[in-house]
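Peer 1: File name structure_36.cif; file contents mmCIF, C-alpha atoms; full text below.
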data_target
loop_
_atom_site.group_PDB
_atom_site.id
_atom_site.type_symbol
_atom_site.label_atom_id
_atom_site.label_comp_id
_atom_site.auth_asym_id
_atom_site.auth_seq_id
_atom_site.Cartn_x
_atom_site.Cartn_y
_atom_site.Cartn_z
ATOM 1 C CA MET A 1 -53.092 22.767 21.407
ATOM 2 C CA ASP A 2 -53.924 26.508 21.346
ATOM 3 C CA PRO A 3 -53.401 28.460 18.077
ATOM 4 C CA ILE A 4 -50.301 30.305 19.369
ATOM 5 C CA SER A 5 -48.561 27.084 20.460
ATOM 6 C CA GLU A 6 -49.553 25.382 17.215
ATOM 7 C CA ALA A 7 -48.099 28.236 15.149
ATOM 8 C CA ALA A 8 -44.870 28.123 17.189
ATOM 9 C CA SER A 9 -44.603 24.359 16.676
ATOM 10 C CA ARG A 10 -45.141 24.808 12.940
ATOM 11 C CA ARG A 11 -42.381 27.434 12.780
ATOM 12 C CA ARG A 12 -40.009 25.115 14.663
ATOM 13 C CA GLY A 13 -40.847 22.278 12.302
ATOM 14 C CA ILE A 14 -40.178 24.436 9.248
ATOM 15 C CA LEU A 15 -36.841 25.622 10.663
ATOM 16 C CA TRP A 16 -35.810 22.027 11.422
ATOM 17 C CA MET A 17 -36.750 20.984 7.863
ATOM 18 C CA LEU A 18 -34.748 23.851 6.337
ATOM 19 C CA LEU A 19 -31.762 22.914 8.509
ATOM 20 C CA SER A 20 -32.115 19.257 7.495
ATOM 21 C CA CYS A 21 -32.077 20.145 3.785
ATOM 22 C CA LEU A 22 -29.076 22.445 4.268
ATOM 23 C CA LEU A 23 -27.137 19.675 6.030
ATOM 24 C CA PHE A 24 -28.091 17.005 3.464
ATOM 25 C CA ALA A 25 -27.022 19.312 0.629
ATOM 26 C CA HIS A 26 -23.602 19.604 2.302
ATOM 27 C CA VAL A 27 -23.463 15.813 2.760
ATOM 28 C CA ASN A 28 -24.035 15.358 -0.962
ATOM 29 C CA ALA A 29 -21.528 18.077 -1.887
ATOM 30 C CA ILE A 30 -18.828 16.660 0.398
ATOM 31 C CA GLY A 31 -19.541 13.199 -0.992
ATOM 32 C CA LYS A 32 -19.082 14.477 -4.546
ATOM 33 C CA HIS A 33 -15.814 16.190 -3.541
ATOM 34 C CA LEU A 34 -14.453 13.039 -1.884
ATOM 35 C CA THR A 35 -15.291 10.768 -4.831
ATOM 36 C CA PHE A 36 -12.766 12.716 -6.935
ATOM 37 C CA ASP A 37 -9.926 11.394 -4.734
ATOM 38 C CA TYR A 38 -11.247 8.249 -3.040
ATOM 39 C CA PRO A 39 -13.240 5.179 -4.149
ATOM 40 C CA THR A 40 -16.989 5.693 -3.988
ATOM 41 C CA LEU A 41 -17.405 2.600 -1.771
ATOM 42 C CA GLN A 42 -14.992 4.078 0.769
ATOM 43 C CA VAL A 43 -16.931 7.356 0.864
ATOM 44 C CA LEU A 44 -20.161 5.400 1.292
ATOM 45 C CA TRP A 45 -18.656 3.417 4.178
ATOM 46 C CA VAL A 46 -17.735 6.667 5.927
ATOM 47 C CA ARG A 47 -21.257 7.986 5.321
ATOM 48 C CA PHE A 48 -22.943 4.957 6.895
ATOM 49 C CA ALA A 49 -20.376 4.124 9.591
ATOM 50 C CA PHE A 50 -20.226 7.625 11.040
ATOM 51 C CA GLN A 51 -24.010 7.813 11.125
ATOM 52 C CA ALA A 52 -24.162 4.516 12.987
ATOM 53 C CA LEU A 53 -21.412 5.486 15.453
ATOM 54 C CA MET A 54 -22.898 8.917 16.153
ATOM 55 C CA SER A 55 -26.345 7.446 16.791
ATOM 56 C CA ALA A 56 -25.032 5.780 19.963
ATOM 57 C CA PRO A 57 -24.144 8.932 21.970
ATOM 58 C CA LEU A 58 -27.212 10.679 20.572
ATOM 59 C CA LEU A 59 -29.490 7.997 22.045
ATOM 60 C CA GLY A 60 -27.392 7.395 25.171
ATOM 61 C CA ARG A 61 -28.619 4.758 27.576
ATOM 62 C CA GLY A 62 -31.801 4.328 25.550
ATOM 63 C CA LEU A 63 -29.883 2.771 22.634
ATOM 64 C CA PHE A 64 -30.672 -0.868 23.469
ATOM 65 C CA GLN A 65 -34.281 0.007 24.263
ATOM 66 C CA PHE A 66 -34.700 1.642 20.861
ATOM 67 C CA MET A 67 -33.158 -1.379 19.117
ATOM 68 C CA ARG A 68 -36.326 -3.338 19.864
ATOM 69 C CA SER A 69 -38.460 -3.188 16.723
ATOM 70 C CA ARG A 70 -41.989 -4.486 16.201
ATOM 71 C CA VAL A 71 -41.359 -4.678 12.441
ATOM 72 C CA LEU A 72 -37.715 -5.769 12.232
ATOM 73 C CA GLY A 73 -37.989 -7.214 8.726
ATOM 74 C CA LEU A 74 -39.461 -4.017 7.337
ATOM 75 C CA GLN A 75 -36.816 -1.932 9.125
ATOM 76 C CA LEU A 76 -34.124 -3.987 7.390
ATOM 77 C CA TRP A 77 -35.825 -3.618 4.000
ATOM 78 C CA ARG A 78 -36.106 0.139 4.602
ATOM 79 C CA SER A 79 -32.392 0.276 5.405
ATOM 80 C CA PHE A 80 -31.670 -1.745 2.235
ATOM 81 C CA TYR A 81 -33.678 0.686 0.081
ATOM 82 C CA LEU A 82 -31.738 3.631 1.508
ATOM 83 C CA THR A 83 -28.435 1.830 0.945
ATOM 84 C CA VAL A 84 -29.178 1.186 -2.737
ATOM 85 C CA CYS A 85 -30.451 4.750 -3.173
ATOM 86 C CA THR A 86 -27.287 6.190 -1.618
ATOM 87 C CA VAL A 87 -24.988 3.943 -3.682
ATOM 88 C CA LEU A 88 -26.724 4.967 -6.917
ATOM 89 C CA PHE A 89 -26.795 8.629 -5.911
ATOM 90 C CA PHE A 90 -23.079 8.763 -5.111
ATOM 91 C CA PHE A 91 -22.219 7.057 -8.406
ATOM 92 C CA SER A 92 -24.470 9.504 -10.273
ATOM 93 C CA LEU A 93 -22.459 12.405 -8.793
ATOM 94 C CA GLN A 94 -19.758 11.468 -11.297
ATOM 95 C CA LEU A 95 -22.186 11.491 -14.247
ATOM 96 C CA LEU A 96 -24.309 14.656 -13.994
ATOM 97 C CA PRO A 97 -24.109 18.185 -12.544
ATOM 98 C CA PHE A 98 -24.920 18.448 -8.830
ATOM 99 C CA ALA A 99 -28.163 20.442 -9.200
ATOM 100 C CA ASP A 100 -29.467 18.132 -11.968
ATOM 101 C CA ILE A 101 -29.120 15.053 -9.761
ATOM 102 C CA THR A 102 -30.783 16.824 -6.829
ATOM 103 C CA ALA A 103 -33.667 17.877 -9.073
ATOM 104 C CA LEU A 104 -34.156 14.295 -10.297
ATOM 105 C CA LEU A 105 -34.430 13.117 -6.685
ATOM 106 C CA PHE A 106 -37.606 15.224 -6.443
ATOM 107 C CA LEU A 107 -39.223 12.501 -8.512
ATOM 108 C CA ALA A 108 -39.227 10.384 -5.325
ATOM 109 C CA PRO A 109 -42.191 12.066 -3.539
ATOM 110 C CA ILE A 110 -44.171 11.765 -6.776
ATOM 111 C CA LEU A 111 -43.295 8.059 -7.039
ATOM 112 C CA VAL A 112 -44.428 7.668 -3.421
ATOM 113 C CA THR A 113 -47.926 8.636 -4.542
ATOM 114 C CA ALA A 114 -47.811 6.108 -7.380
ATOM 115 C CA LEU A 115 -46.536 3.372 -5.030
ATOM 116 C CA SER A 116 -48.979 4.144 -2.223
ATOM 117 C CA ALA A 117 -51.769 2.411 -4.132
ATOM 118 C CA PRO A 118 -50.162 -1.069 -4.461
ATOM 119 C CA MET A 119 -48.000 -0.887 -1.292
ATOM 120 C CA LEU A 120 -50.217 1.006 1.175
ATOM 121 C CA GLY A 121 -53.653 0.230 -0.241
ATOM 122 C CA GLU A 122 -54.465 3.922 -0.719
ATOM 123 C CA THR A 123 -56.924 5.105 -3.343
ATOM 124 C CA ILE A 124 -55.340 7.498 -5.825
ATOM 125 C CA GLY A 125 -57.782 9.840 -7.549
ATOM 126 C CA ALA A 126 -57.547 11.088 -11.123
ATOM 127 C CA ARG A 127 -56.159 14.474 -10.029
ATOM 128 C CA ARG A 128 -53.289 12.968 -8.077
ATOM 129 C CA TRP A 129 -52.508 10.625 -10.984
ATOM 130 C CA ALA A 130 -52.383 13.727 -13.174
ATOM 131 C CA GLY A 131 -49.824 15.163 -10.732
ATOM 132 C CA VAL A 132 -47.771 11.960 -11.016
ATOM 133 C CA VAL A 133 -47.788 12.178 -14.821
ATOM 134 C CA ALA A 134 -46.728 15.851 -14.668
ATOM 135 C CA GLY A 135 -43.871 14.898 -12.335
ATOM 136 C CA PHE A 136 -42.636 12.254 -14.789
ATOM 137 C CA ALA A 137 -42.836 14.848 -17.547
ATOM 138 C CA GLY A 138 -40.587 17.109 -15.470
ATOM 139 C CA ALA A 139 -38.032 14.311 -15.085
ATOM 140 C CA LEU A 140 -38.056 13.692 -18.848
ATOM 141 C CA ILE A 141 -37.467 17.407 -19.471
ATOM 142 C CA ILE A 142 -34.373 17.307 -17.235
ATOM 143 C CA ILE A 143 -32.811 14.189 -18.745
ATOM 144 C CA ARG A 144 -34.016 15.017 -22.306
ATOM 145 C CA PRO A 145 -33.876 11.370 -23.453
ATOM 146 C CA GLY A 146 -33.123 10.624 -27.057
ATOM 147 C CA ILE A 147 -32.636 7.284 -28.740
ATOM 148 C CA ASP A 148 -30.154 6.410 -25.975
ATOM 149 C CA ILE A 149 -32.665 6.727 -23.097
ATOM 150 C CA PHE A 150 -31.115 3.818 -21.191
ATOM 151 C CA GLN A 151 -27.650 5.353 -20.983
ATOM 152 C CA LEU A 152 -25.915 5.156 -17.594
ATOM 153 C CA SER A 153 -26.259 8.874 -16.775
ATOM 154 C CA THR A 154 -30.053 8.489 -17.066
ATOM 155 C CA VAL A 155 -30.668 5.137 -15.416
ATOM 156 C CA VAL A 156 -28.499 5.649 -12.303
ATOM 157 C CA PRO A 157 -30.111 8.858 -10.921
ATOM 158 C CA LEU A 158 -33.608 7.648 -11.808
ATOM 159 C CA GLY A 159 -32.827 4.402 -9.984
ATOM 160 C CA ALA A 160 -31.754 6.454 -6.958
ATOM 161 C CA ALA A 161 -35.091 8.300 -7.036
ATOM 162 C CA ALA A 162 -37.012 5.006 -7.299
ATOM 163 C CA PHE A 163 -35.272 3.478 -4.274
ATOM 164 C CA LEU A 164 -35.682 6.740 -2.347
ATOM 165 C CA ALA A 165 -39.410 6.452 -2.996
ATOM 166 C CA LEU A 166 -39.423 2.860 -1.678
ATOM 167 C CA TYR A 167 -37.511 4.106 1.376
ATOM 168 C CA GLN A 168 -40.089 6.843 1.989
ATOM 169 C CA VAL A 169 -43.052 4.505 1.580
ATOM 170 C CA SER A 170 -41.524 2.005 4.014
ATOM 171 C CA SER A 171 -40.812 4.904 6.403
ATOM 172 C CA ARG A 172 -44.531 5.642 6.460
ATOM 173 C CA VAL A 173 -45.270 2.029 7.337
ATOM 174 C CA VAL A 174 -42.649 1.617 10.103
ATOM 175 C CA SER A 175 -43.751 4.894 11.710
ATOM 176 C CA ARG A 176 -47.043 3.175 12.569
ATOM 177 C CA SER A 177 -45.259 0.590 14.729
ATOM 178 C CA ASP A 178 -41.818 1.843 15.856
ATOM 179 C CA HIS A 179 -40.510 4.917 17.667
ATOM 180 C CA ALA A 180 -38.690 7.477 15.492
ATOM 181 C CA MET A 181 -35.437 6.804 17.363
ATOM 182 C CA THR A 182 -35.758 3.070 16.643
ATOM 183 C CA THR A 183 -35.936 3.935 12.976
ATOM 184 C CA LEU A 184 -32.870 6.192 13.354
ATOM 185 C CA VAL A 185 -30.901 3.239 14.791
ATOM 186 C CA TYR A 186 -31.790 0.881 11.940
ATOM 187 C CA THR A 187 -31.470 3.411 9.085
ATOM 188 C CA PRO A 188 -27.726 2.913 8.366
ATOM 189 C CA LEU A 189 -27.503 -0.769 9.385
ATOM 190 C CA VAL A 190 -27.567 -2.487 5.972
ATOM 191 C CA GLY A 191 -25.301 0.201 4.511
ATOM 192 C CA VAL A 192 -22.728 -0.330 7.264
ATOM 193 C CA LEU A 193 -22.728 -4.109 6.823
ATOM 194 C CA PHE A 194 -22.501 -3.983 3.008
ATOM 195 C CA THR A 195 -19.774 -1.348 2.773
ATOM 196 C CA SER A 196 -17.765 -2.840 5.675
ATOM 197 C CA ILE A 197 -17.468 -6.089 3.700
ATOM 198 C CA MET A 198 -16.418 -4.301 0.512
ATOM 199 C CA VAL A 199 -14.295 -1.386 1.731
ATOM 200 C CA PRO A 200 -11.103 -3.363 2.627
ATOM 201 C CA PHE A 201 -10.674 -4.190 -1.086
ATOM 202 C CA VAL A 202 -10.691 -0.525 -2.184
ATOM 203 C CA TRP A 203 -9.421 1.351 0.895
ATOM 204 C CA GLN A 204 -7.091 4.310 0.353
ATOM 205 C CA THR A 205 -5.680 5.892 3.497
ATOM 206 C CA PRO A 206 -6.878 9.521 3.551
ATOM 207 C CA ASP A 207 -4.579 12.485 4.096
ATOM 208 C CA ALA A 208 -5.374 15.128 6.736
ATOM 209 C CA GLU A 209 -7.761 16.998 4.454
ATOM 210 C CA GLY A 210 -9.487 13.758 3.498
ATOM 211 C CA TRP A 211 -10.064 12.828 7.162
ATOM 212 C CA ILE A 212 -11.515 16.284 7.876
ATOM 213 C CA PHE A 213 -14.008 15.995 5.020
ATOM 214 C CA MET A 214 -14.917 12.430 5.985
ATOM 215 C CA ILE A 215 -15.595 13.487 9.579
ATOM 216 C CA LEU A 216 -17.708 16.391 8.321
ATOM 217 C CA LEU A 217 -19.582 13.956 6.083
ATOM 218 C CA GLY A 218 -20.532 11.911 9.126
ATOM 219 C CA ILE A 219 -21.410 14.913 11.313
ATOM 220 C CA PHE A 220 -23.621 16.524 8.669
ATOM 221 C CA GLY A 221 -25.229 13.171 7.865
ATOM 222 C CA ILE A 222 -26.374 12.411 11.414
ATOM 223 C CA GLY A 223 -27.264 16.071 11.925
ATOM 224 C CA GLY A 224 -29.504 16.006 8.853
ATOM 225 C CA GLN A 225 -31.251 12.819 10.011
ATOM 226 C CA TYR A 226 -31.785 14.266 13.495
ATOM 227 C CA ALA A 227 -33.130 17.580 12.128
ATOM 228 C CA LEU A 228 -35.524 15.685 9.857
ATOM 229 C CA ILE A 229 -36.872 13.675 12.790
ATOM 230 C CA LYS A 230 -37.283 16.858 14.873
ATOM 231 C CA ALA A 231 -39.136 18.529 11.978
ATOM 232 C CA PHE A 232 -41.760 15.773 11.861
ATOM 233 C CA GLU A 233 -41.950 15.669 15.667
ATOM 234 C CA ALA A 234 -42.653 19.417 15.875
ATOM 235 C CA THR A 235 -45.637 19.564 13.546
ATOM 236 C CA GLU A 236 -47.651 17.677 10.940
ATOM 237 C CA ALA A 237 -45.851 16.403 7.859
ATOM 238 C CA SER A 238 -48.002 18.456 5.465
ATOM 239 C CA ALA A 239 -46.740 21.697 7.055
ATOM 240 C CA VAL A 240 -43.044 20.936 6.547
ATOM 241 C CA ALA A 241 -43.014 18.728 3.426
ATOM 242 C CA PRO A 242 -43.073 21.640 0.908
ATOM 243 C CA PHE A 243 -39.848 22.995 2.422
ATOM 244 C CA PHE A 244 -38.039 19.815 1.356
ATOM 245 C CA TYR A 245 -37.721 21.499 -2.037
ATOM 246 C CA SER A 246 -35.319 24.040 -0.504
ATOM 247 C CA LEU A 247 -32.748 21.275 -1.044
ATOM 248 C CA LEU A 248 -32.550 22.347 -4.693
ATOM 249 C CA ILE A 249 -31.683 25.929 -3.673
ATOM 250 C CA TRP A 250 -28.814 24.747 -1.457
ATOM 251 C CA ALA A 251 -27.632 22.293 -4.131
ATOM 252 C CA THR A 252 -27.642 25.002 -6.814
ATOM 253 C CA LEU A 253 -25.689 27.412 -4.597
ATOM 254 C CA LEU A 254 -23.131 24.757 -3.636
ATOM 255 C CA GLY A 255 -22.809 23.579 -7.231
ATOM 256 C CA PHE A 256 -22.116 27.123 -8.353
ATOM 257 C CA PHE A 257 -19.687 28.201 -5.626
ATOM 258 C CA VAL A 258 -17.749 24.916 -5.446
ATOM 259 C CA TRP A 259 -17.714 23.670 -9.061
ATOM 260 C CA GLY A 260 -18.984 26.645 -11.068
ATOM 261 C CA GLU A 261 -22.057 24.654 -12.168
ATOM 262 C CA LEU A 262 -25.413 26.238 -12.911
ATOM 263 C CA PRO A 263 -28.524 24.335 -14.020
ATOM 264 C CA ASP A 264 -29.524 25.051 -17.605
ATOM 265 C CA SER A 265 -32.973 26.299 -18.609
ATOM 266 C CA TRP A 266 -34.250 22.747 -19.292
ATOM 267 C CA THR A 267 -33.276 21.610 -15.796
ATOM 268 C CA VAL A 268 -34.995 24.662 -14.270
ATOM 269 C CA LEU A 269 -38.133 23.975 -16.333
ATOM 270 C CA GLY A 270 -38.170 20.274 -15.441
ATOM 271 C CA ALA A 271 -37.573 20.985 -11.750
ATOM 272 C CA THR A 272 -40.427 23.505 -11.814
ATOM 273 C CA PHE A 273 -42.731 20.834 -13.256
ATOM 274 C CA MET A 274 -41.688 18.343 -10.580
ATOM 275 C CA ILE A 275 -41.964 20.766 -7.662
ATOM 276 C CA ALA A 276 -45.351 22.036 -8.849
ATOM 277 C CA SER A 277 -46.673 18.494 -9.280
ATOM 278 C CA GLY A 278 -45.318 17.477 -5.867
ATOM 279 C CA LEU A 279 -46.996 20.434 -4.178
ATOM 280 C CA TYR A 280 -50.237 19.738 -6.046
ATOM 281 C CA ILE A 281 -50.208 16.089 -4.956
ATOM 282 C CA LEU A 282 -49.584 17.235 -1.370
ATOM 283 C CA HIS A 283 -52.530 19.636 -1.645
ATOM 284 C CA ARG A 284 -54.821 16.891 -2.947
ATOM 285 C CA GLU A 285 -53.744 14.587 -0.107
ATOM 286 C CA GLN A 286 -54.693 17.303 2.391
ATOM 287 C CA VAL A 287 -58.078 17.727 0.688
ATOM 288 C CA ARG A 288 -58.635 13.958 0.782
ATOM 289 C CA ARG A 289 -57.816 13.804 4.504
ATOM 290 C CA GLY A 290 -60.118 16.738 5.172
ATOM 291 C CA ASN A 291 -62.990 14.896 3.525
ATOM 292 C CA HIS A 292 -62.546 11.833 5.758
#
Take the structure in this file and express it as structure tokens.

Peer 2:
Amino acid sequence: MDPISEAASRRRGILWMLLSCLLFAHVNAIGKHLTFDYPTLQVLWVRFAFQALMSAPLLGRGLFQFMRSRVLGLQLWRSFYLTVCTVLFFFSLQLLPFADITALLFLAPILVTALSAPMLGETIGARRWAGVVAGFAGALIIIRPGIDIFQLSTVVPLGAAAFLALYQVSSRVVSRSDHAMTTLVYTPLVGVLFTSIMVPFVWQTPDAEGWIFMILLGIFGIGGQYALIKAFEATEASAVAPFFYSLLIWATLLGFFVWGELPDSWTVLGATFMIASGLYILHREQVRRGNH
């Protein structure tokens, strides 16, 4: 690829990543809004079901072709990790401010580095381990644990970050064997099955406004997934990964304009630690690849 085409592809990838983060921030904000009036399990069912339904027209006649997976078991585990992450995240929306929860999710890319040694067989150098430790320090600054470190408002969002990390690690593995669209098909599967079993017991018929927000939840959700796939198709992951942190900007703006929330100075400091450590780990990974 010539330098001009490569630069254009990188710009497209960055724009797709920014769009993906903007859409996911709206998904999370709409989810928080809906959980004030409807059971969390019902909101989760809408999130997964709409994504599954909208995948069909997006893939068209290639749907059944893309359902063939070379690593079906791992695809199902990946879908399970995302389901647990989403369940914990939506419950945490009722426990902490919107921007704080989003910031804690940035622990996930740092955990990916820690997990890549036992799960992917990668060698983690001392500098990247230092980045992991700094990322954990950032998370501790945000949650400011005292004697009651295992309180619900701490454990739930950290659990969401841990399962998001497992989801991301498994995404790396399945990408070696399956097409990106195959992964898109299987992503919501476990979530749809789990919530479809549970939702009849908690269902509350939405009013007109509720239906509008639930439809928007589904549209933004599939749009965010599609934009994320397009971002990684357009250029290398290392070029677009740093722009994932724009999610915190969108979350802060939405938290302020919708609920009047602003992150306090400790959250800003902790998020800065986590973002800096994530970018440093990414830099060290690029250096490591360049030396091989």

Peer 1: Between atom CA of Ala165 of chain A and atom CA of Glu261 of chain A, what is the distance, to one decimal in Å?

Peer 2: 26.8 Å

Peer 1: Within 8 Å of Ala49 of chain A, counting all atoms listed in the file, which residues qualify if same-chain residues fewer than 5 places away don't, as a ChimeraX atom specification?

Peer 2: /A:188,192,218

Peer 1: Let me make sure I understand: among A:Tyr167, A:Trp259, A:Trp211, A:Tyr81, which one has the smallest atom-to-atom distance to Ala29 of chain A if we use all atoms listed in the file?

Peer 2: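 Comparing A:Tyr167, A:Trp259, A:Trp211, A:Tyr81 against Ala29 of chain A, the winner is A:Trp259.
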
Peer 1: Which residues, written as JSON, numbers by chain, have at least one atom at most 12 Å from Trp203 of chain A, with all atoms listed in the file counted and residues fewer than 2 positions away on the same chain left out?

Peer 2: {"A": [37, 38, 39, 40, 41, 42, 43, 44, 45, 46, 195, 196, 197, 198, 199, 200, 201, 205, 206]}

Peer 1: Just give me the gap between atom CA of Phe66 of chain A and atom CA of Ser116 of chain A in Å, one decimal is fine.

Peer 2: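 Separating atom CA of Phe66 of chain A from atom CA of Ser116 of chain A is a distance of 27.3 Å.
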
Peer 1: With distances taken over all atoms listed in the file, which of A:Leu93, A:Leu105, A:Ile215, A:Leu158 is nearest to Tyr245 of chain A?

Peer 2: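 Once distances to Tyr245 of chain A are computed over all atoms listed in the file, the minimum belongs to A:Leu105.
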
Peer 1: Could you name the residues that touch segment 172-185 of chain A at 6 Å or less, counting only C-alpha atoms, but leaving out those on the same chain fewer than 2 positions away, as a list in words?

Peer 2: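 These residues fall inside the cut-off: Phe66, Met67, Val169, Ser170 and Thr187 of chain A.
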
Peer 1: Run through the PyMOL selection byres ((chain A and resi 77) around 10) on the given coordinates and return the selected residues as a PDB file with C-alpha atoms, in the coordinates of the input.

Peer 2:
ATOM      1  CA  LEU A  72     -37.715  -5.769  12.232  1.00  0.00           C
ATOM      2  CA  GLY A  73     -37.989  -7.214   8.726  1.00  0.00           C
ATOM      3  CA  LEU A  74     -39.461  -4.017   7.337  1.00  0.00           C
ATOM      4  CA  GLN A  75     -36.816  -1.932   9.125  1.00  0.00           C
ATOM      5  CA  LEU A  76     -34.124  -3.987   7.390  1.00  0.00           C
ATOM      6  CA  ARG A  78     -36.106   0.139   4.602  1.00  0.00           C
ATOM      7  CA  SER A  79     -32.392   0.276   5.405  1.00  0.00           C
ATOM      8  CA  PHE A  80     -31.670  -1.745   2.235  1.00  0.00           C
ATOM      9  CA  TYR A  81     -33.678   0.686   0.081  1.00  0.00           C
ATOM     10  CA  LEU A  82     -31.738   3.631   1.508  1.00  0.00           C
ATOM     11  CA  THR A  83     -28.435   1.830   0.945  1.00  0.00           C
ATOM     12  CA  LEU A 166     -39.423   2.860  -1.678  1.00  0.00           C
ATOM     13  CA  TYR A 167     -37.511   4.106   1.376  1.00  0.00           C
ATOM     14  CA  SER A 170     -41.524   2.005   4.014  1.00  0.00           C
ATOM     15  CA  TYR A 186     -31.790   0.881  11.940  1.00  0.00           C
ATOM     16  CA  THR A 187     -31.470   3.411   9.085  1.00  0.00           C
ATOM     17  CA  VAL A 190     -27.567  -2.487   5.972  1.00  0.00           C
TER      18      VAL A 190
END

Peer 1: Quick one: of A:Thr102, A:Gly131, A:Ser5, A:Leu248, who's nearest to His283 of chain A, counting all atoms listed in the file?

Peer 2: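 Closest residue, counting all atoms listed in the file: A:Gly131.
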
Peer 1: Tell me, in Å to one decimal, how far atom CA of Gly135 of chain A is from atom CA of Ser277 of chain A.

Peer 2: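 Here the two named atoms are 5.5 Å from each other.
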
Peer 1: Using all atoms of segment 221-234 of chain A listed in the file and a margin of 5 Å per side, can you give the axis-aligned box centre and edge lengths in Å to one decimal, as JSON?

Peer 2:
{"center_x": -33.9, "center_y": 15.9, "center_z": 11.9, "size_x": 27.4, "size_y": 17.0, "size_z": 18.0}

Peer 1: Report as a list of chain:residue names all protein, DNA and RNA residues lying within 9 Å of segment 223-238 of chain A, evaluated on only C-alpha atoms, omitting residues in the same chain fewer than 6 positions from it.

Peer 2: A:Glu6, A:Ser9, A:Arg10, A:Arg11, A:Arg12, A:Gly13, A:Ile14, A:Leu15, A:Trp16, A:Met17, A:Leu18, A:Leu19, A:Ser20, A:Cys21, A:Leu22, A:Leu23, A:Phe24, A:Val27, A:Gln51, A:Ala180, A:Met181, A:Leu184, A:Leu282, A:His283, A:Glu285, A:Gln286

Peer 1: For Ile30 of chain A, which residue out of A:Ala160, A:Ile110, A:Leu254, A:Ala271 is the nearest one, using all atoms listed in the file?

Peer 2: A:Leu254

Peer 1: Which is closest to Phe90 of chain A among A:Val156, A:Met274, A:Ala114, A:Ala108, if we use only C-alpha atoms?

Peer 2: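 Comparing A:Val156, A:Met274, A:Ala114, A:Ala108 against Phe90 of chain A, the winner is A:Val156.
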
Peer 1: Carefully work through the PyMOL selection byres ((chain A and resi 136) around 12) for this structure and note down the residues it includes, as a PyMOL selection string.

Peer 2: chain A and resi 104-111+114+129-135+137-144+158+161-162+270-278

Peer 1: Please evaluate the PyMOL selection byres ((chain A and resi 252) around 9) against the structure above and give the resulting residues as a PyMOL selection string.

Peer 2: chain A and resi 98-100+102+247-251+253-257+261-263

Peer 1: Save out the residues we just selected, C-alpha atoms, as a PDB file, in the coordinates of the input.

Peer 2:
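Listed below is the output, again.pdb:
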ATOM      1  CA  PHE A  98     -24.920  18.448  -8.830  1.00  0.00           C
ATOM      2  CA  ALA A  99     -28.163  20.442  -9.200  1.00  0.00           C
ATOM      3  CA  ASP A 100     -29.467  18.132 -11.968  1.00  0.00           C
ATOM      4  CA  THR A 102     -30.783  16.824  -6.829  1.00  0.00           C
ATOM      5  CA  LEU A 247     -32.748  21.275  -1.044  1.00  0.00           C
ATOM      6  CA  LEU A 248     -32.550  22.347  -4.693  1.00  0.00           C
ATOM      7  CA  ILE A 249     -31.683  25.929  -3.673  1.00  0.00           C
ATOM      8  CA  TRP A 250     -28.814  24.747  -1.457  1.00  0.00           C
ATOM      9  CA  ALA A 251     -27.632  22.293  -4.131  1.00  0.00           C
ATOM     10  CA  LEU A 253     -25.689  27.412  -4.597  1.00  0.00           C
ATOM     11  CA  LEU A 254     -23.131  24.757  -3.636  1.00  0.00           C
ATOM     12  CA  GLY A 255     -22.809  23.579  -7.231  1.00  0.00           C
ATOM     13  CA  PHE A 256     -22.116  27.123  -8.353  1.00  0.00           C
ATOM     14  CA  PHE A 257     -19.687  28.201  -5.626  1.00  0.00           C
ATOM     15  CA  GLU A 261     -22.057  24.654 -12.168  1.00  0.00           C
ATOM     16  CA  LEU A 262     -25.413  26.238 -12.911  1.00  0.00           C
ATOM     17  CA  PRO A 263     -28.524  24.335 -14.020  1.00  0.00           C
TER      18      PRO A 263
END

Peer 1: Which of these residues is nearest to Pro242 of chain A, using all atoms listed in the file: A:Ala52, A:Ala208, A:Ile281, A:Leu216?

Peer 2: A:Ile281
